[in-house]
Every structure is written in C-alpha cells, then in structure tokens.
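This is structure.txt. It holds compact mmCIF, C-alpha atoms.
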# COMPACT_ATOMS: atom_id res chain seq x y z
CA MET A 1 -24.22 -0.22 1.28
CA ASN A 2 -23.84 -0.76 5.00
CA PRO A 3 -20.22 0.26 5.72
CA ILE A 4 -19.79 -2.24 8.55
CA ALA A 5 -21.17 -5.20 6.60
CA PRO A 6 -18.79 -7.61 4.86
CA SER A 7 -18.06 -6.29 1.38
CA LEU A 8 -17.59 -9.74 -0.12
CA ILE A 9 -18.87 -13.20 0.70
CA GLY A 10 -17.37 -16.33 -0.80
CA GLN A 11 -18.54 -19.90 -0.31
CA LEU A 12 -16.31 -22.82 0.63
CA ASN A 13 -18.23 -26.08 0.89
CA ASN A 14 -20.73 -25.53 3.69
CA ASN A 15 -18.98 -22.47 5.05
CA TYR A 16 -18.70 -18.87 3.99
CA VAL A 17 -15.73 -16.52 3.95
CA LEU A 18 -16.61 -12.93 4.76
CA TRP A 19 -14.28 -10.07 3.82
CA PHE A 20 -14.37 -6.74 5.58
CA LYS A 21 -12.98 -3.96 3.45
CA ARG A 22 -12.41 -1.51 6.26
CA SER A 23 -10.01 -3.81 8.12
CA ASN A 24 -9.00 -6.17 5.30
CA GLN A 25 -9.97 -9.05 7.61
CA TYR A 26 -11.50 -12.40 6.71
CA VAL A 27 -13.87 -14.51 8.77
CA VAL A 28 -14.98 -18.07 8.12
CA VAL A 29 -18.51 -18.82 9.31
CA SER A 30 -21.19 -21.45 8.94
CA GLU A 31 -24.22 -20.76 6.80
CA ILE A 32 -26.51 -20.24 9.78
CA ILE A 33 -24.17 -17.65 11.28
CA LYS A 34 -23.96 -15.87 7.96
CA ASP A 35 -27.74 -15.76 7.76
CA LEU A 36 -28.11 -14.50 11.33
CA LEU A 37 -25.48 -11.86 10.63
CA GLU A 38 -27.43 -10.69 7.61
CA VAL A 39 -30.53 -10.32 9.79
CA TYR A 40 -28.47 -8.41 12.35
CA LEU A 41 -27.16 -6.01 9.70
CA LYS A 42 -30.61 -5.52 8.22
CA THR A 43 -32.37 -4.75 11.49
CA LEU A 44 -32.08 -1.35 13.09
CA ASN A 45 -31.90 -2.19 16.76
CA LYS A 46 -32.04 -4.85 19.44
CA SER A 47 -35.80 -5.09 19.60
CA SER A 48 -36.33 -5.40 15.85
CA PHE A 49 -33.61 -8.09 15.71
CA SER A 50 -35.24 -9.92 18.58
CA GLU A 51 -38.63 -9.57 16.90
CA ALA A 52 -37.33 -10.92 13.58
CA LEU A 53 -35.91 -13.97 15.31
CA SER A 54 -38.93 -14.53 17.54
CA LYS A 55 -41.04 -15.20 14.43
CA HIS A 56 -38.92 -18.27 13.96
CA GLY A 57 -39.13 -19.61 17.46
CA ILE A 58 -35.98 -18.12 18.94
CA PRO A 59 -36.64 -16.95 22.50
CA LYS A 60 -36.16 -13.25 23.20
CA GLU A 61 -33.36 -13.78 25.72
CA GLU A 62 -31.39 -15.86 23.30
CA ALA A 63 -31.95 -13.35 20.49
CA LEU A 64 -30.70 -10.51 22.69
CA SER A 65 -27.63 -12.52 23.53
CA PHE A 66 -26.98 -13.07 19.81
CA TYR A 67 -27.46 -9.39 19.18
CA ASN A 68 -24.73 -8.49 21.68
CA GLU A 69 -22.40 -11.08 20.25
CA PHE A 70 -22.92 -9.87 16.70
CA ARG A 71 -22.34 -6.28 17.77
CA ASP A 72 -19.06 -7.29 19.38
CA PHE A 73 -18.14 -9.37 16.37
CA ILE A 74 -18.84 -6.61 13.86
CA ASP A 75 -16.71 -4.22 15.93
CA LYS A 76 -13.79 -6.67 15.88
CA ALA A 77 -14.19 -7.57 12.23
CA ASN A 78 -13.97 -3.91 11.24
CA ALA A 79 -11.22 -2.92 13.68
CA THR A 80 -8.09 -1.64 12.01
CA VAL A 81 -4.58 -2.15 13.35
CA ALA A 82 -1.90 0.48 13.62
CA ASP A 83 0.69 0.36 10.85
CA SER A 84 4.20 0.33 12.25
CA THR A 85 5.70 1.14 8.85
CA LEU A 86 4.25 4.65 8.62
CA SER A 87 6.91 6.99 7.46
CA THR A 88 7.95 10.56 7.92
CA PRO A 89 7.62 12.56 4.72
CA ASN A 90 10.48 12.96 2.28
CA PRO A 91 13.51 11.68 4.15
CA LYS A 92 16.75 12.36 2.29
CA LEU A 93 19.22 9.79 1.06
CA PRO A 94 22.53 10.38 2.84
CA VAL A 95 25.92 9.68 1.31
CA LEU A 96 26.66 6.06 2.18
CA SER A 97 29.94 4.21 2.26
CA GLN A 98 30.78 2.33 -0.92
CA ASN A 99 29.62 -0.99 0.45
CA ILE A 100 28.14 -2.19 -2.81
CA LYS A 101 27.23 -5.56 -4.31
CA TYR A 102 25.63 -6.55 -7.61
CA TYR A 103 23.18 -9.35 -8.30
CA SER A 104 21.97 -10.70 -11.61
CA PHE A 105 18.52 -12.24 -12.13
CA GLY A 106 17.68 -13.34 -15.64
CA GLY A 107 19.10 -10.23 -17.24
CA PHE A 108 18.17 -7.82 -14.44
CA LEU A 109 21.13 -6.30 -12.64
CA ILE A 110 20.35 -5.20 -9.09
CA ARG A 111 22.74 -3.02 -7.10
CA PHE A 112 22.64 -3.00 -3.30
CA ASN A 113 24.36 -0.22 -1.39
CA CYS A 114 24.09 -0.94 2.32
CA GLU A 115 25.32 1.38 5.01
CA SER A 116 27.18 -1.37 6.82
CA LEU A 117 28.12 -5.02 6.63
CA GLU A 118 25.58 -5.74 9.35
CA ILE A 119 22.78 -4.39 7.20
CA GLU A 120 24.18 -6.21 4.20
CA LYS A 121 23.94 -9.46 6.15
CA LEU A 122 20.38 -8.58 6.97
CA VAL A 123 19.16 -8.30 3.40
CA GLN A 124 21.50 -10.14 1.08
CA PRO A 125 22.49 -13.71 2.12
CA LYS A 126 19.54 -15.25 0.31
CA TRP A 127 20.79 -13.64 -2.93
CA ALA A 128 24.43 -14.69 -2.57
CA HIS A 129 24.09 -17.24 -5.40
CA ALA A 130 23.19 -14.44 -7.82
CA GLU A 131 26.11 -12.13 -6.98
CA VAL A 132 28.13 -10.98 -10.00
CA ASN A 133 31.09 -8.75 -10.75
CA GLN A 134 29.33 -6.83 -13.49
CA THR A 135 28.83 -3.19 -12.53
CA PHE A 136 27.31 -1.65 -15.65
CA ASN A 137 23.73 -1.60 -17.02
CA VAL A 138 22.23 -1.58 -13.56
CA ASN A 139 18.41 -1.81 -13.61
CA VAL A 140 17.68 -0.96 -10.00
CA THR A 141 19.74 0.39 -7.12
CA PHE A 142 18.69 -0.10 -3.51
CA HIS A 143 20.11 1.93 -0.64
CA VAL A 144 19.59 0.71 2.91
CA PHE A 145 20.66 2.57 6.05
CA THR A 146 19.54 3.24 9.63
CA LYS A 147 18.33 6.52 10.99
CA ASP A 148 16.22 7.33 14.05
CA HIS A 149 15.97 3.67 15.06
CA HIS A 150 14.55 2.74 11.68
CA LEU A 151 15.87 0.96 8.64
CA HIS A 152 15.38 3.12 5.57
CA LEU A 153 14.96 1.81 2.04
CA PHE A 154 15.49 3.80 -1.16
CA ARG A 155 15.01 2.50 -4.69
CA ASN A 156 16.73 4.41 -7.49
CA ASN A 157 17.20 7.31 -5.06
CA GLU A 158 13.49 7.38 -4.27
CA PHE A 159 12.30 6.84 -0.72
CA ILE A 160 10.32 3.60 -0.37
CA GLY A 161 9.80 3.19 3.36
CA GLN A 162 11.17 3.00 6.86
CA TYR A 163 10.81 0.09 9.23
CA PRO A 164 11.45 -0.30 12.97
CA ILE A 165 14.78 -2.09 13.35
CA LYS A 166 13.26 -4.97 15.30
CA GLU A 167 10.81 -5.49 12.43
CA TYR A 168 13.53 -5.91 9.83
CA HIS A 169 11.53 -8.70 8.20
CA LEU A 170 9.29 -5.91 6.86
CA LEU A 171 12.30 -4.36 5.12
CA GLN A 172 13.10 -7.78 3.68
CA GLY A 173 9.51 -8.17 2.54
CA GLN A 174 9.50 -4.75 0.91
CA ILE A 175 12.74 -5.55 -0.92
CA ALA A 176 11.18 -8.82 -2.05
CA LEU A 177 8.15 -6.91 -3.35
CA GLN A 178 10.36 -4.37 -5.11
CA LEU A 179 12.27 -7.22 -6.75
CA ILE A 180 9.18 -9.00 -8.09
CA ASN A 181 7.82 -5.66 -9.29
CA THR A 182 11.09 -5.21 -11.18
CA PHE A 183 11.26 -8.73 -12.58
CA TYR A 184 7.67 -8.77 -13.79
CA THR A 185 7.05 -5.04 -14.40
CA LYS A 186 4.30 -4.82 -11.80
CA THR A 187 3.21 -2.62 -8.91
CA GLU A 188 1.88 -3.61 -5.50
CA ALA A 189 -1.72 -3.23 -6.75
CA ASP A 190 -1.11 -6.00 -9.30
CA TRP A 191 -0.60 -8.64 -6.62
CA ILE A 192 -3.39 -10.46 -4.81
CA ALA A 193 -1.04 -11.62 -2.09
CA THR A 194 2.47 -12.47 -1.08
CA PHE A 195 2.18 -15.68 0.90
CA HIS A 196 4.48 -16.85 3.63
CA ALA A 197 4.93 -20.13 1.81
CA SER A 198 7.36 -22.19 -0.20
CA THR A 199 6.19 -23.31 -3.61
CA VAL A 200 7.33 -26.15 -5.83
CA CYS A 201 6.37 -26.79 -9.44
CA ASN A 202 6.61 -29.13 -12.40
CA ASP A 203 6.13 -28.03 -16.02
CA GLU A 204 2.41 -27.41 -15.57
CA GLU A 205 1.46 -26.42 -12.06
CA ALA A 206 2.66 -25.29 -8.67
CA ILE A 207 2.02 -26.70 -5.21
CA MET A 208 2.25 -24.35 -2.26
CA LEU A 209 3.72 -25.56 1.02
CA ILE A 210 2.63 -23.75 4.15
CA GLY A 211 3.09 -24.30 7.86
CA ALA A 212 4.18 -22.57 11.02
CA SER A 213 7.79 -21.49 11.19
CA GLY A 214 9.86 -24.52 12.16
CA ASN A 215 7.40 -27.01 10.68
CA GLY A 216 9.92 -27.94 8.01
CA LYS A 217 8.53 -26.42 4.84
CA SER A 218 11.85 -24.95 3.69
CA THR A 219 13.69 -28.14 4.61
CA LEU A 220 11.14 -30.13 2.65
CA SER A 221 11.59 -27.74 -0.29
CA ALA A 222 15.33 -28.40 -0.18
CA VAL A 223 14.73 -32.15 -0.06
CA LEU A 224 12.31 -31.90 -2.98
CA MET A 225 14.79 -29.80 -4.97
CA ALA A 226 17.49 -32.41 -4.38
CA SER A 227 15.17 -34.91 -6.04
CA GLY A 228 14.94 -32.66 -9.10
CA ILE A 229 11.76 -30.76 -8.28
CA ASP A 230 11.86 -27.06 -9.16
CA VAL A 231 11.40 -24.73 -6.18
CA LEU A 232 9.51 -21.72 -7.51
CA ALA A 233 9.74 -19.73 -4.28
CA ASP A 234 10.96 -20.14 -0.72
CA ASP A 235 9.28 -18.27 2.10
CA PHE A 236 7.75 -15.61 -0.19
CA THR A 237 5.23 -16.66 -2.84
CA PRO A 238 3.54 -13.90 -4.85
CA LEU A 239 0.09 -14.41 -6.46
CA LEU A 240 -0.71 -12.14 -9.41
CA ALA A 241 -4.20 -10.73 -9.97
CA GLU A 242 -4.14 -10.77 -13.76
CA ASN A 243 -4.00 -14.57 -14.12
CA LYS A 244 -4.28 -15.80 -10.50
CA GLU A 245 -0.91 -17.55 -10.88
CA VAL A 246 2.04 -17.76 -8.52
CA TYR A 247 5.38 -16.29 -9.60
CA ARG A 248 9.00 -17.29 -9.28
CA PHE A 249 10.97 -15.72 -6.46
CA PRO A 250 14.54 -16.85 -7.13
CA SER A 251 16.05 -16.62 -3.64
CA GLY A 252 18.18 -19.24 -1.94
CA ILE A 253 16.31 -21.77 0.21
CA SER A 254 16.92 -21.16 3.90
CA VAL A 255 17.65 -24.24 5.94
CA LYS A 256 18.40 -24.50 9.63
CA GLU A 257 21.23 -26.28 11.37
CA GLY A 258 19.12 -29.23 12.47
CA ALA A 259 18.81 -30.30 8.83
CA PHE A 260 22.47 -29.76 7.84
CA SER A 261 23.75 -33.33 8.18
CA MET A 262 20.78 -34.73 6.27
CA LEU A 263 21.22 -32.14 3.50
CA GLU A 264 24.98 -32.79 3.23
CA ASP A 265 24.05 -36.19 1.86
CA LEU A 266 21.76 -34.64 -0.73
CA TYR A 267 23.92 -31.69 -1.81
CA PRO A 268 27.58 -32.61 -2.45
CA ASP A 269 28.78 -29.02 -2.02
CA PHE A 270 26.55 -28.23 0.95
CA LYS A 271 29.56 -27.75 3.25
CA GLU A 272 30.80 -24.98 0.97
CA TYR A 273 27.73 -22.82 1.41
CA PRO A 274 28.32 -19.85 3.71
CA LEU A 275 27.07 -20.14 7.26
CA TYR A 276 25.00 -17.44 8.91
CA LYS A 277 24.71 -17.57 12.64
CA SER A 278 22.59 -15.87 15.21
CA THR A 279 24.08 -15.91 18.70
CA SER A 280 20.88 -14.76 20.37
CA LYS A 281 18.62 -17.28 18.75
CA ASP A 282 21.23 -20.02 18.74
CA VAL A 283 20.18 -20.77 15.18
CA THR A 284 22.55 -21.36 12.30
CA ILE A 285 21.33 -21.09 8.77
CA LYS A 286 22.47 -21.74 5.19
CA TYR A 287 20.96 -20.81 1.85
CA ILE A 288 20.82 -23.40 -0.91
CA PRO A 289 20.92 -21.87 -4.42
CA PRO A 290 17.80 -22.65 -6.49
CA ILE A 291 18.30 -25.04 -9.42
CA LYS A 292 16.38 -22.77 -11.77
CA ASP A 293 16.31 -19.02 -12.13
CA LEU A 294 14.39 -16.44 -14.13
CA LYS A 295 16.20 -17.44 -17.29
CA THR A 296 16.05 -21.21 -17.03
CA GLY A 297 12.68 -21.75 -15.37
CA ASN A 298 9.15 -20.67 -16.25
CA SER A 299 8.23 -17.60 -14.28
CA HIS A 300 4.68 -18.47 -13.28
CA PHE A 301 2.23 -21.32 -12.85
CA PRO A 302 -1.35 -21.92 -11.75
CA CYS A 303 -1.47 -23.12 -8.14
CA LYS A 304 -4.51 -25.11 -7.12
CA LYS A 305 -3.01 -27.27 -4.40
CA ILE A 306 -1.86 -26.21 -0.96
CA VAL A 307 -0.17 -28.56 1.48
CA TYR A 308 0.08 -27.83 5.18
CA VAL A 309 3.43 -29.34 6.09
CA LYS A 310 4.35 -30.76 9.46
CA TYR A 311 7.56 -32.62 10.23
CA ASP A 312 7.05 -35.15 13.01
CA PRO A 313 9.88 -37.68 13.51
CA ASN A 314 7.55 -39.99 15.41
CA ALA A 315 4.72 -40.05 12.93
CA GLU A 316 4.14 -42.18 9.89
CA SER A 317 4.31 -40.03 6.73
CA SER A 318 0.86 -39.41 5.34
CA LEU A 319 -1.14 -37.02 3.20
CA THR A 320 -4.75 -36.26 4.08
CA LYS A 321 -7.24 -33.98 2.39
CA VAL A 322 -8.42 -31.07 4.51
CA GLY A 323 -10.89 -28.25 4.02
CA THR A 324 -9.69 -24.95 2.61
CA GLU A 325 -11.16 -23.32 5.73
CA LYS A 326 -8.55 -25.08 7.87
CA ILE A 327 -5.73 -23.97 5.61
CA LEU A 328 -6.91 -20.36 5.82
CA GLU A 329 -6.22 -20.31 9.55
CA THR A 330 -2.51 -20.56 8.76
CA LEU A 331 -2.39 -18.94 5.33
CA ILE A 332 -4.11 -15.62 6.03
CA PRO A 333 -2.48 -14.49 9.29
CA GLU A 334 0.97 -15.38 7.92
CA SER A 335 0.61 -13.52 4.62
CA TRP A 336 0.13 -10.09 3.12
CA LEU A 337 -3.18 -9.86 1.28
CA SER A 338 -3.99 -6.91 -0.90
CA PRO A 339 -6.50 -4.54 0.73
CA LEU A 340 -8.00 -3.69 -2.68
CA ALA A 341 -11.56 -4.98 -3.11
CA SER A 342 -10.89 -6.19 -6.65
CA ASN A 343 -7.94 -8.28 -5.42
CA ALA A 344 -9.85 -9.58 -2.39
CA GLU A 345 -12.57 -10.75 -4.78
CA LEU A 346 -10.00 -12.58 -6.88
CA PHE A 347 -8.53 -14.12 -3.74
CA LEU A 348 -11.95 -15.51 -2.78
CA GLU A 349 -12.33 -16.88 -6.30
CA TRP A 350 -8.90 -18.47 -6.14
CA LEU A 351 -9.80 -20.14 -2.82
CA THR A 352 -12.77 -21.92 -4.35
CA GLU A 353 -10.48 -23.58 -6.88
CA LEU A 354 -8.13 -25.02 -4.26
CA GLN A 355 -7.57 -28.57 -3.10
CA CYS A 356 -5.95 -28.58 0.32
CA TYR A 357 -3.96 -31.26 2.09
CA GLU A 358 -2.07 -31.90 5.28
CA LEU A 359 1.27 -33.67 5.03
CA THR A 360 2.78 -35.15 8.15
CA TYR A 361 6.19 -36.53 7.38
CA SER A 362 9.06 -38.24 9.09
CA ASP A 363 10.68 -39.84 6.09
CA ASN A 364 12.08 -37.66 3.29
CA THR A 365 11.86 -40.33 0.61
CA VAL A 366 8.19 -40.94 1.35
CA ALA A 367 7.51 -37.17 1.43
CA VAL A 368 9.12 -36.75 -2.00
CA SER A 369 7.00 -39.62 -3.38
CA ILE A 370 3.86 -38.10 -1.92
CA ILE A 371 4.51 -34.68 -3.48
CA LYS A 372 5.44 -36.21 -6.84
CA GLU A 373 2.25 -38.24 -6.73
CA LEU A 374 0.27 -35.10 -5.84
CA PHE A 375 1.48 -33.46 -9.05
CA GLU A 376 -0.17 -36.30 -10.94
CA ARG A 377 -3.59 -35.92 -9.31
CA MET B 1 -18.62 -19.64 -6.81
CA ASP B 2 -21.55 -18.24 -4.90
CA LYS B 3 -20.23 -14.80 -4.27
CA LYS B 4 -22.32 -11.78 -3.78
CA HIS B 5 -22.35 -8.35 -2.31
CA THR B 6 -24.34 -8.02 0.85
CA ASN B 7 -26.51 -5.24 -0.40
CA ASP B 8 -28.43 -7.96 -2.19
CA GLU B 9 -31.81 -8.94 -0.75
CA ILE B 10 -31.13 -10.81 2.46
CA THR B 11 -33.19 -12.59 5.10
CA ARG B 12 -33.75 -15.72 3.13
CA LYS B 13 -36.87 -17.53 4.22
CA GLU B 14 -35.35 -20.96 4.27
CA ALA B 15 -32.45 -19.75 6.38
CA LEU B 16 -34.76 -18.20 8.90
CA GLN B 17 -36.82 -21.33 9.02
CA ARG B 18 -33.77 -23.26 10.07
CA MET B 19 -32.87 -20.83 12.79
CA GLY B 20 -35.22 -22.32 15.33
CA LYS B 21 -33.59 -25.68 14.79
CA TYR B 22 -30.03 -24.50 14.97
CA ALA B 23 -30.22 -21.54 17.28
CA ALA B 24 -29.55 -23.56 20.39
CA LEU B 25 -26.36 -24.85 18.85
CA THR B 26 -25.19 -21.51 17.55
CA ALA B 27 -22.45 -19.68 19.35
CA VAL B 28 -21.45 -16.45 17.73
CA GLY B 29 -18.38 -16.38 19.93
CA THR B 30 -16.76 -19.11 17.86
CA PHE B 31 -15.94 -16.68 15.06
CA LEU B 32 -12.32 -16.73 14.08
CA ILE B 33 -11.18 -13.44 12.63
CA LEU B 34 -8.23 -13.85 10.25
CA ASN B 35 -6.08 -10.80 9.99
CA PRO B 36 -3.49 -10.68 7.21
CA LYS B 37 -0.19 -8.85 7.55
CA THR B 38 -0.42 -5.17 6.71
CA ALA B 39 2.87 -5.28 4.82
CA GLN B 40 4.88 -7.77 2.85
CA ALA B 41 7.25 -9.69 5.11
CA GLU B 42 9.65 -12.58 5.21
CA SER B 43 10.52 -14.90 8.06
CA PRO B 44 13.06 -13.18 10.26
CA PRO B 45 16.30 -15.08 9.57
CA PRO B 46 19.44 -14.79 11.66
CA ILE B 47 22.00 -12.30 10.42
CA GLY B 48 25.72 -12.88 10.06
CA ASN B 49 27.53 -13.43 13.33
CA LYS B 50 25.44 -10.80 14.98
CA ALA B 51 22.33 -11.31 16.99
CA ALA B 52 19.15 -10.27 15.26
CA PRO B 53 18.19 -6.76 16.33
CA THR B 54 16.12 -6.77 19.49
CA SER B 55 14.15 -4.21 21.39
CA ASN B 56 17.23 -3.71 23.59
CA THR B 57 19.25 -2.50 20.65
CA LEU B 58 16.51 -0.01 19.96
CA GLU B 59 16.73 1.50 23.38
CA THR B 60 20.41 2.27 23.30
CA ASP B 61 21.83 5.31 21.61
CA SER B 62 25.02 3.63 20.60
CA GLY B 63 25.84 0.70 18.40
CA ILE B 64 25.43 -0.08 14.76
CA TRP B 65 21.65 0.00 14.70
CA ASN B 66 21.30 3.52 15.91
CA LYS B 67 23.81 5.46 13.95
CA LYS B 68 23.03 8.97 12.71
Using the file provided, produce a representation of the structure as structure tokens.
Amino acid sequence: MNPIAPSLIGQLNNNYVLWFKRSNQYVVVSEIIKDLLEVYLKTLNKSSFSEALSKHGIPKEEALSFYNEFRDFIDKANATVADSTLSTPNPKLPVLSQNIKYYSFGGFLIRFNCESLEIEKLVQPKWAHAEVNQTFNVNVTFHVFTKDHHLHLFRNNEFIGQYPIKEYHLLQGQIALQLINTFYTKTEADWIATFHASTVCNDEEAIMLIGASGNGKSTLSAVLMASGIDVLADDFTPLLAENKEVYRFPSGISVKEGAFSMLEDLYPDFKEYPLYKSTSKDVTIKYIPPIKDLKTGNSHFPCKKIVYVKYDPNAESSLTKVGTEKILETLIPESWLSPLASNAELFLEWLTELQCYELTYSDNTVAVSIIKELFER
Amino acid sequence: MDKKHTNDEITRKEALQRMGKYAALTAVGTFLILNPKTAQAESPPPIGNKAAPTSNTLETDSGIWNKK
C-alpha cells in the first residue's frame, strides 16, 4: 500500500473524510477531489497524471497545477508534529512533602501527593467534591512534582510522563486519562478519543456539547444540570472503542465569573463553592459538583448527537441541523484522537451515525427546552 | 458506511468522466487538514490565587515552578 496515501476513507453525505496514519490527520474533501487524489496517487509522475486527466478534457496546464497542489497537500497531510511531552528515560520519584489528599469515586480511592500547594491547585480543584478523609484501601496514588522546568507525573510509583510547565493542561489530561483507565479498567489503546466537550445524558443516550473555549458549553451544562439533566462529563469526554459509547467523567463543572450571578439563582449553595482565581488572566472560576457520580449514575451511553454551542446574548435561541463535516472542524483539532488504525476506523464509523446541530442561545430556559426536546428526537 | 482502503482499484470511470465538468471549479487549495491533539488535554483553568504558569516562569531559575 502506498505509504503516503490515506489509510482510511469514510463517507459523510457528499463528502469524504480521509485519514492519514502517518500523521494521524483527517481531511474532509468533496468526491471529485477524492477521485483526483486517487488518480494522483496512482500515477507515477507529472506527465502521466497530466495524461490521465487530458483524456477527460482537462487541459495540460490545469492538470500540472493540480499535480503541484496535490503534491503539496500530500506533504502536509502526512507531516508529523513534534511531541512536547517526550520524556527522559527513567526519572526517579523524589521524596515529596506530605501534602496529600484523598478522593473517592464510586468505590475507588485515589491518593494525590503533590509537591506543593500550587501544584495541588493545578490538578485538584475539579475533584474537590469527591475529597474524603479515608486513608486506607487506596487504589491509585499519584505523585506530581516539578523538575527541570517540567511537571512530572508518577502513578503508583511508576513514571507516567513529564510536561512543560506552561503546558500543564497536558498533565491534567494525562491525569484524566489515568483516572478513566482506573475507573473502567482500560488502557489508552481502548479509547477512540477523549473529546474536548461536555456531555449530558438521560437514561438512554448522551448528547455532546462542543464549542470554542468561552462559547458557554460548561455554563450551559451547569444550567442543564440545574434543571435535573445529568452531566456525564465536563470538558473531557472519553469515547470507548469496544462499544463506541461515551463514558462518565465525574469532575466538577467549571464555570467562569461572568455566569456566577445567574448560577446563584439556580444553585442555592453556589456562594459556598470555593473560588479559584487567576490574576494574570483576570478570570475567576468555580466548580459545581456533579449531581451523579460513578455509583449513582450509569457509566456510559451511546452518543449520536453533537451540538455546537454558541452563547450570543443578542441572538434569538435556535437549534439548526448542520453537517457532521462542519462539526469536525471544531471537534478534531480540540480533541485527542487515538493514532491506532483500528480506533481511527471506529471513529469514522461513529461519525456516520451522528446527527449534528448548532445551538445559538441567549435564553437559558429556551436552551434547556431545546436540549430536552432533542433527547426526544 | 462506504469505507474502504485505498489499495482498492481506483480511477473510477464515472468519476473521471465528471472531471471535465468540475475541473474548472476545483481548487485543491481548499483542503482543510484537521490535526488532533497528540496527547490528552483539558482546558487550561486558572489555578488558586496564582497566575497560571507562563513562559516567563519557565525562564527564571527561581520560584515555585523551577524547584530542584
């Protein structure tokens, strides 16, 4: 098989999604582009490509121009990016101060030992609702510390990874992955993706909410939860290969200061939740505890609906159907997708089953009605 | 789902027949390459009363982020 050709091709309506194994990149193209690309990959050089196209009335100059564009495209589609999380071999776990906290998730006891309070604040606020005093029968212990300008993560005294300090969201993501692996007895290879998305569910299915940071997806999740809707995951939604279902990630829901006064009306004890503040970003944040956890809520659901969420105070709230291709433009670059071919194939299959929507909302009550109605469709 | 590996027979006749019609409208440059994250990540939230780590904190040899 041609190593630079897409390894997988999936169809979405009139378009095709190409997957390049070498780079783990996806490209959405029209049918005619896909066909021209296949000719390009089949022909050996410029002149044979031009000759193949000339038989169908495409002028030589135009064909040569296409050839150059396809060559450039194939280069980009296969280009790999440097991984900033590469680690030095076998770093050792130093003796850390006894800055330890325990968290309970549906029978799993997780122990965090962070080097400092600053690091603790980096990784733990979203779990504050699950903190317990119990210190025995620990399932997993995490150690987090800084060394050589990197945050280091150990799990049960085993080195997991190191992450540049400014990319601390990668440490948070790795901890999130380690937690779901613990909760569901999985490894990274078992997951198709971990989406940068919030997900809500009823007793039968899940609806994923996506959108650029600041679009209001977490705030909407909090509003939906106040109306009794179960929030399966906030910010981090894992999709399992085995059943192509999304799994519960029982973190607190992060909400920003701009939404505080509105949420105080919905959550009677909202003022009691701890405040986390960033002086540099001038952003204040709180975490709302989820209403269900691993014990009280189902752990996984099929998810066949994705809603691109956009809060716009000047717009009339509305839900419109959009193509999956449009959703991919936000979903893929914001998420981790497994580089394994078997998982990429399942991802393409999952895409074909999706119904995608765009929700513009200004009114919370209307938005809640729209999502509730969407569960019925 | 119409999914296939590209080592299948390609160059479909009907597709080629359409090329003449569509070629003038085709711009390869409109490809949008979608690149997923190479590692699991979460949105960077603010931390405590401290500013989120920045590149400046990386460059200094003192301070909480650069111990050891």
Exercise for the section: Would you work out the distance separating atom CA of A:Tyr103 from atom CA of A:Leu122, expressed in Å to one decimal? Expected result: 15.5 Å
Taking all listed atoms of stretch 224-237 of chain A, build the axis-aligned box, pad each of the six sides by 3 Å, then write its centre and edge lengths in Å to one decimal as AutoDock Vina command-line options.
--center_x 11.4 --center_y -25.3 --center_z -3.5 --size_x 18.3 --size_y 25.3 --size_z 17.3
Fill in the blank from the handout: A straight line from atom CA of A:Lys34 to atom CA of A:Glu61 spans 20.2 Å
Exercise for the section: For stretch 237-250 of chain A, please output as number ranges by chain all residues within 6 Å (counting all atoms listed in the file; exclusion window: fewer than 5 positions along the same chain). Expected result: A: 190-195, 197, 232, 293, 299-302
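Proximity to chain B was assessed for A:Glu334, A:Glu51, A:Glu373, A:Glu272 counting only C-alpha atoms; the smallest distance is recorded for A:Glu334.
For the atom pair formed by atom CA of A:Asn113 and atom CA of A:Ser335, the distance is 27.9 Å, given to one decimal.
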Handout entry: Who sits within 7 Å of A:Gly216, only C-alpha atoms, same chain under 3 positions skipped, as a PyMOL selection string
Key = chain A and resi 219-220+309-311
With C-alpha atoms kept, could you save the residues just selected as a JSON list (two decimals), keeping the file's coordinate frame?
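Full text of selection.json as output:
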[["chain", "number", "residue", "atom", "x", "y", "z"],
["A", 219, "THR", "CA", 13.69, -28.14, 4.61],
["A", 220, "LEU", "CA", 11.14, -30.13, 2.65],
["A", 309, "VAL", "CA", 3.43, -29.34, 6.09],
["A", 310, "LYS", "CA", 4.35, -30.76, 9.46],
["A", 311, "TYR", "CA", 7.56, -32.62, 10.23]]
Practice task
Excluding B:Lys37 and any residue of its chain fewer than 5 positions from it, enumerate the residues within 10 Å of it, using all atoms listed in the file, and give them as a list in words.
Solution key: Asn24, Gln25, Val81, Asp83, Leu170, Thr194, Phe195, Ile332, Pro333, Glu334, Ser335, Trp336, Leu337 and Ser338 of chain A
Exercise for the section: Using only C-alpha atoms, collect all residues at a distance of at most 12 Å from (8.3, 3.4, 1.1) as written in the file, then present them as a PyMOL selection string. Expected result: (chain A and resi 85-91+142+144+151-155+157-163+170-171+173-175+177-178+188) or (chain B and resi 39-40)
Residues from the last selection, C-alpha atoms, saved as a PDB file, in the coordinates of the input:
ATOM      1  CA  THR A  85       5.700   1.140   8.850  1.00  0.00           C
ATOM      2  CA  LEU A  86       4.250   4.650   8.620  1.00  0.00           C
ATOM      3  CA  SER A  87       6.910   6.990   7.460  1.00  0.00           C
ATOM      4  CA  THR A  88       7.950  10.560   7.920  1.00  0.00           C
ATOM      5  CA  PRO A  89       7.620  12.560   4.720  1.00  0.00           C
ATOM      6  CA  ASN A  90      10.480  12.960   2.280  1.00  0.00           C
ATOM      7  CA  PRO A  91      13.510  11.680   4.150  1.00  0.00           C
ATOM      8  CA  PHE A 142      18.690  -0.100  -3.510  1.00  0.00           C
ATOM      9  CA  VAL A 144      19.590   0.710   2.910  1.00  0.00           C
ATOM     10  CA  LEU A 151      15.870   0.960   8.640  1.00  0.00           C
ATOM     11  CA  HIS A 152      15.380   3.120   5.570  1.00  0.00           C
ATOM     12  CA  LEU A 153      14.960   1.810   2.040  1.00  0.00           C
ATOM     13  CA  PHE A 154      15.490   3.800  -1.160  1.00  0.00           C
ATOM     14  CA  ARG A 155      15.010   2.500  -4.690  1.00  0.00           C
ATOM     15  CA  ASN A 157      17.200   7.310  -5.060  1.00  0.00           C
ATOM     16  CA  GLU A 158      13.490   7.380  -4.270  1.00  0.00           C
ATOM     17  CA  PHE A 159      12.300   6.840  -0.720  1.00  0.00           C
ATOM     18  CA  ILE A 160      10.320   3.600  -0.370  1.00  0.00           C
ATOM     19  CA  GLY A 161       9.800   3.190   3.360  1.00  0.00           C
ATOM     20  CA  GLN A 162      11.170   3.000   6.860  1.00  0.00           C
ATOM     21  CA  TYR A 163      10.810   0.090   9.230  1.00  0.00           C
ATOM     22  CA  LEU A 170       9.290  -5.910   6.860  1.00  0.00           C
ATOM     23  CA  LEU A 171      12.300  -4.360   5.120  1.00  0.00           C
ATOM     24  CA  GLY A 173       9.510  -8.170   2.540  1.00  0.00           C
ATOM     25  CA  GLN A 174       9.500  -4.750   0.910  1.00  0.00           C
ATOM     26  CA  ILE A 175      12.740  -5.550  -0.920  1.00  0.00           C
ATOM     27  CA  LEU A 177       8.150  -6.910  -3.350  1.00  0.00           C
ATOM     28  CA  GLN A 178      10.360  -4.370  -5.110  1.00  0.00           C
ATOM     29  CA  GLU A 188       1.880  -3.610  -5.500  1.00  0.00           C
TER      30      GLU A 188
ATOM     31  CA  ALA B  39       2.870  -5.280   4.820  1.00  0.00           C
ATOM     32  CA  GLN B  40       4.880  -7.770   2.850  1.00  0.00           C
TER      33      GLN B  40
END
Exercise for the section: Write out as a ChimeraX atom specification each polymer residue whose atoms come within 8 Å of stretch 360-367 of chain A, counting all atoms listed in the file; drop sequence neighbours fewer than 2 positions from it. Expected result: /A:220,223,309-319,358,369-371
